[in-house]
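Structure first, then comments.
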Amino acid sequence: MLFCLEVFALEKNCPEGQYLVKGHHRRGYVRSDGMYVRATNVVAHCKSLTKAAEYLQNLFKNGVPSDWPHKMEKPVRWTEEEKERLVEALEELPEVLFSKKLKGVYRLQKSKDHPNPATSADGIIVLYDTSFDSPFGLGRILAHELLHQSFKDMPKKDQQDYHLATGWHLKLMPNRMIYWNGRQTGYVQDDGKNSFEEDYANNLEYYLYDSDKLKKVTPSAYQWIKRRFGQNFQLKRRKK
């Protein structure tokens, strides 16, 4: 299926190292840190090209991803407001999550699993309408989907190290098939039982946004993440 591409482009009338934010109306919303941002009319202006803005500039895609399996899901076009909010959300995340293998971030209207705010495939992230009104915050939603890509990017030996450290183990079935079986307890979210990739994304999300719960519920995951990613794996503080 064909899709349209809209580039988050630098404009010639902005100085080097900056990009143009087009004028738009911004609705009120609550940031991931709990701060309420009031509705306002944003005047077109040049803004510093942060690493987050530079990373996203060619990833905003309109239309439907090629070979997207959910045929009933409909695309909507990115708005300037949504682009700026996504840049803001990415700016709070560790740069280790800026995968070079991410091919695009798409905007679709409604998930087949509504009110699911987002989903991802290899190299693709899809955000639905509900992601921009979620009580969890856009940054947390984006982090979770980037963490799925982070797991796919990891070498197999590191994936297996995660499996073993967090209680996943190989199980031989009667039909001689072997698969990874999860631990019996200790999941910050129940859907982590479904796959070790989901478990990984959940645990790293909680490490960033609710480390106390992760440390209590799945201490083995907390220790593995701390060892694997180091002290710099944390949210960036916003300027007040």
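Naming scheme: A, B, ... for chains in displayed order of the structure tokens; residues 1 onward per chain; ligands 1 onward as shown.
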
Residues within 8 Å of A:Val76, only C-alpha atoms, excluding chain neighbours under 2 positions, as an NGL selection string: :A and (62-63 or 74 or 78 or 107-109)

Strand (DSSP E or B) call set, DSSP backbone run, stretch 31-227 of chain A, as a PyMOL selection string: chain A and resi 36-37+40-42+45-48+60-61+75+104-108+118-121+124-127+169-172+178-181

Go ahead and write the residues just picked, N, CA and C atoms, as an mmCIF file, in the first residue's frame.
data_model
loop_
_atom_site.group_PDB
_atom_site.id
_atom_site.type_symbol
_atom_site.label_atom_id
_atom_site.label_comp_id
_atom_site.auth_asym_id
_atom_site.auth_seq_id
_atom_site.Cartn_x
_atom_site.Cartn_y
_atom_site.Cartn_z
ATOM 1 N N TYR A 36 0.317 20.650 33.876
ATOM 2 C CA TYR A 36 -0.713 20.987 32.894
ATOM 3 C C TYR A 36 -0.199 22.097 31.984
ATOM 4 N N VAL A 37 -0.320 21.885 30.673
ATOM 5 C CA VAL A 37 0.072 22.879 29.679
ATOM 6 C C VAL A 37 -1.200 23.490 29.116
ATOM 7 N N THR A 40 -3.304 27.324 23.832
ATOM 8 C CA THR A 40 -2.864 28.629 23.341
ATOM 9 C C THR A 40 -2.736 28.575 21.821
ATOM 10 N N ASN A 41 -2.619 29.730 21.194
ATOM 11 C CA ASN A 41 -2.309 29.811 19.776
ATOM 12 C C ASN A 41 -0.810 30.037 19.626
ATOM 13 N N VAL A 42 -0.128 29.077 19.053
ATOM 14 C CA VAL A 42 1.321 29.148 18.895
ATOM 15 C C VAL A 42 1.654 29.916 17.624
ATOM 16 N N HIS A 45 7.568 30.152 14.736
ATOM 17 C CA HIS A 45 8.846 30.601 15.273
ATOM 18 C C HIS A 45 9.936 29.571 14.996
ATOM 19 N N CYS A 46 11.177 30.006 15.090
ATOM 20 C CA CYS A 46 12.312 29.107 14.950
ATOM 21 C C CYS A 46 12.665 28.539 16.324
ATOM 22 N N LYS A 47 13.027 27.286 16.337
ATOM 23 C CA LYS A 47 13.308 26.596 17.588
ATOM 24 C C LYS A 47 14.599 25.802 17.443
ATOM 25 N N SER A 48 15.349 25.682 18.529
ATOM 26 C CA SER A 48 16.615 24.952 18.501
ATOM 27 C C SER A 48 16.401 23.504 18.077
ATOM 28 N N PHE A 60 8.261 11.304 10.622
ATOM 29 C CA PHE A 60 6.821 11.550 10.601
ATOM 30 C C PHE A 60 6.257 11.102 9.251
ATOM 31 N N LYS A 61 5.378 10.118 9.267
ATOM 32 C CA LYS A 61 4.810 9.582 8.025
ATOM 33 C C LYS A 61 3.293 9.685 8.072
ATOM 34 N N PRO A 75 -6.001 6.140 8.442
ATOM 35 C CA PRO A 75 -4.979 7.149 8.725
ATOM 36 C C PRO A 75 -5.568 8.536 8.930
ATOM 37 N N GLY A 104 9.713 4.750 10.662
ATOM 38 C CA GLY A 104 8.655 5.746 10.591
ATOM 39 C C GLY A 104 7.726 5.701 11.785
ATOM 40 N N VAL A 105 7.124 6.870 12.066
ATOM 41 C CA VAL A 105 6.092 6.994 13.101
ATOM 42 C C VAL A 105 4.825 7.472 12.390
ATOM 43 N N TYR A 106 3.779 6.668 12.447
ATOM 44 C CA TYR A 106 2.549 6.910 11.701
ATOM 45 C C TYR A 106 1.421 7.348 12.637
ATOM 46 N N ARG A 107 0.422 8.037 12.040
ATOM 47 C CA ARG A 107 -0.772 8.478 12.782
ATOM 48 C C ARG A 107 -2.002 7.811 12.192
ATOM 49 N N LEU A 108 -2.588 6.920 12.955
ATOM 50 C CA LEU A 108 -3.860 6.320 12.565
ATOM 51 C C LEU A 108 -4.929 6.735 13.570
ATOM 52 N N ALA A 118 -1.279 2.961 21.150
ATOM 53 C CA ALA A 118 -0.163 2.817 20.217
ATOM 54 C C ALA A 118 0.143 1.351 19.980
ATOM 55 N N THR A 119 0.848 1.092 18.899
ATOM 56 C CA THR A 119 1.340 -0.250 18.620
ATOM 57 C C THR A 119 2.608 -0.122 17.787
ATOM 58 N N SER A 120 3.316 -1.220 17.624
ATOM 59 C CA SER A 120 4.559 -1.166 16.863
ATOM 60 C C SER A 120 4.821 -2.492 16.175
ATOM 61 N N ALA A 121 5.576 -2.415 15.096
ATOM 62 C CA ALA A 121 6.093 -3.578 14.397
ATOM 63 C C ALA A 121 7.583 -3.312 14.193
ATOM 64 N N ILE A 124 8.527 0.174 12.863
ATOM 65 C CA ILE A 124 7.337 1.015 12.697
ATOM 66 C C ILE A 124 6.687 1.268 14.056
ATOM 67 N N ILE A 125 6.293 2.530 14.302
ATOM 68 C CA ILE A 125 5.464 2.873 15.450
ATOM 69 C C ILE A 125 4.200 3.544 14.924
ATOM 70 N N VAL A 126 3.057 3.142 15.456
ATOM 71 C CA VAL A 126 1.778 3.763 15.104
ATOM 72 C C VAL A 126 1.179 4.373 16.362
ATOM 73 N N LEU A 127 0.815 5.647 16.283
ATOM 74 C CA LEU A 127 0.122 6.328 17.368
ATOM 75 C C LEU A 127 -1.314 6.608 16.948
ATOM 76 N N HIS A 169 12.527 -19.265 31.024
ATOM 77 C CA HIS A 169 13.313 -20.483 30.843
ATOM 78 C C HIS A 169 12.777 -21.284 29.660
ATOM 79 N N LEU A 170 13.654 -22.065 29.071
ATOM 80 C CA LEU A 170 13.271 -22.889 27.925
ATOM 81 C C LEU A 170 12.465 -24.096 28.389
ATOM 82 N N LYS A 171 11.391 -24.369 27.654
ATOM 83 C CA LYS A 171 10.527 -25.497 27.997
ATOM 84 C C LYS A 171 10.320 -26.374 26.764
ATOM 85 N N LEU A 172 10.489 -27.677 26.943
ATOM 86 C CA LEU A 172 10.297 -28.636 25.862
ATOM 87 C C LEU A 172 8.863 -29.154 25.879
ATOM 88 N N ILE A 178 10.471 -26.235 21.322
ATOM 89 C CA ILE A 178 11.036 -25.558 22.484
ATOM 90 C C ILE A 178 10.636 -24.083 22.444
ATOM 91 N N TYR A 179 10.178 -23.562 23.565
ATOM 92 C CA TYR A 179 9.850 -22.138 23.606
ATOM 93 C C TYR A 179 10.204 -21.582 24.984
ATOM 94 N N TRP A 180 10.243 -20.239 25.054
ATOM 95 C CA TRP A 180 10.554 -19.569 26.312
ATOM 96 C C TRP A 180 9.303 -19.481 27.157
ATOM 97 N N ASN A 181 9.383 -19.983 28.361
ATOM 98 C CA ASN A 181 8.260 -19.971 29.293
ATOM 99 C C ASN A 181 8.526 -18.929 30.386
#

Contacts of stretch 145-152 of chain A at 9 Å (only C-alpha atoms; same-chain gap of 2+ positions) as an NGL selection string: :A and (96-99 or 101-102 or 118-126 or 140-143 or 154-156 or 159 or 197-198 or 200-202 or 204-205)

All residues 10 Å or closer to A:Ala39, only C-alpha atoms, same chain fewer than 3 positions away omitted, as a ChimeraX atom specification: /A:25-29,36,42

Neighbour list for A:Lys83 as a PyMOL selection string, cut-off 10 Å, only C-alpha atoms, skip fewer than 3 positions in-chain: chain A and resi 8+21+53+56-57+60+78-80+86-89

File of the preceding selection, C-alpha atoms, as a CSV table (one decimal), in the first residue's frame:
chain,number,residue,atom,x,y,z
A,8,PHE,CA,9.5,17.6,9.4
A,21,VAL,CA,7.5,25.5,14.1
A,53,ALA,CA,13.8,17.0,16.9
A,56,LEU,CA,12.2,12.7,14.3
A,57,GLN,CA,12.5,15.1,11.3
A,60,PHE,CA,6.8,11.6,10.6
A,78,TRP,CA,-0.1,14.7,11.4
A,79,THR,CA,-0.8,18.1,12.8
A,80,GLU,CA,1.8,20.7,13.8
A,86,LEU,CA,6.0,14.2,20.1
A,87,VAL,CA,9.3,16.1,19.9
A,88,GLU,CA,8.7,17.3,23.5
A,89,ALA,CA,7.9,13.7,24.6

Closest atom pairs, stretch 200-220 of chain A residues within 12 Å of stretch 226-236 of chain A, only C-alpha atoms, as a Markdown table:
| residue | atom | partner | partner_atom | distance |
| --- | --- | --- | --- | --- |
| A:Asn203 | CA | A:Lys226 | CA | 11.4 |
| A:Leu204 | CA | A:Phe233 | CA | 9.6 |
| A:Glu205 | CA | A:Gln234 | CA | 10.2 |
| A:Tyr206 | CA | A:Gln234 | CA | 10.7 |
| A:Tyr207 | CA | A:Gln234 | CA | 8.0 |
| A:Leu208 | CA | A:Gln234 | CA | 5.6 |
| A:Tyr209 | CA | A:Leu235 | CA | 8.0 |
| A:Asp210 | CA | A:Gln234 | CA | 11.0 |
| A:Ser211 | CA | A:Gln234 | CA | 10.1 |
| A:Leu214 | CA | A:Lys226 | CA | 11.8 |
| A:Lys215 | CA | A:Lys226 | CA | 10.9 |
| A:Pro219 | CA | A:Lys226 | CA | 10.6 |
| A:Ser220 | CA | A:Lys226 | CA | 10.0 |

Expected file contents, prior selection, C-alpha atoms, as a compact mmCIF listing (two decimals), in the first residue's frame:
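Dumped to result14.txt:
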# COMPACT_ATOMS: atom_id res chain seq x y z
CA ASN A 203 9.90 -3.48 32.81
CA LEU A 204 12.04 -0.80 31.18
CA GLU A 205 9.04 1.52 30.98
CA TYR A 206 8.50 1.10 34.73
CA TYR A 207 12.21 1.55 35.40
CA LEU A 208 11.89 5.01 33.83
CA TYR A 209 8.46 6.01 35.15
CA ASP A 210 7.74 3.94 38.27
CA SER A 211 10.99 2.38 39.46
CA LEU A 214 9.45 -2.41 39.42
CA LYS A 215 11.95 -2.81 42.25
CA PRO A 219 13.66 -6.88 41.44
CA SER A 220 15.59 -9.15 39.06

Which of A:Val188, A:Phe196, A:Gly34, A:Glu84 sits closest to A:Lys216 [using only C-alpha atoms]: A:Val188

Every residue of stretch 16-212 of chain A that DSSP places in alpha helix (DSSP H), as a PyMOL selection string: chain A and resi 51-56+80-91+138-153+156-165+196-209+211-212

Distance in Å - atom CA of A:Glu91 versus atom CA of A:Arg77: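 Atom-to-atom, atom CA of A:Glu91 to atom CA of A:Arg77, that is 22.3 Å.
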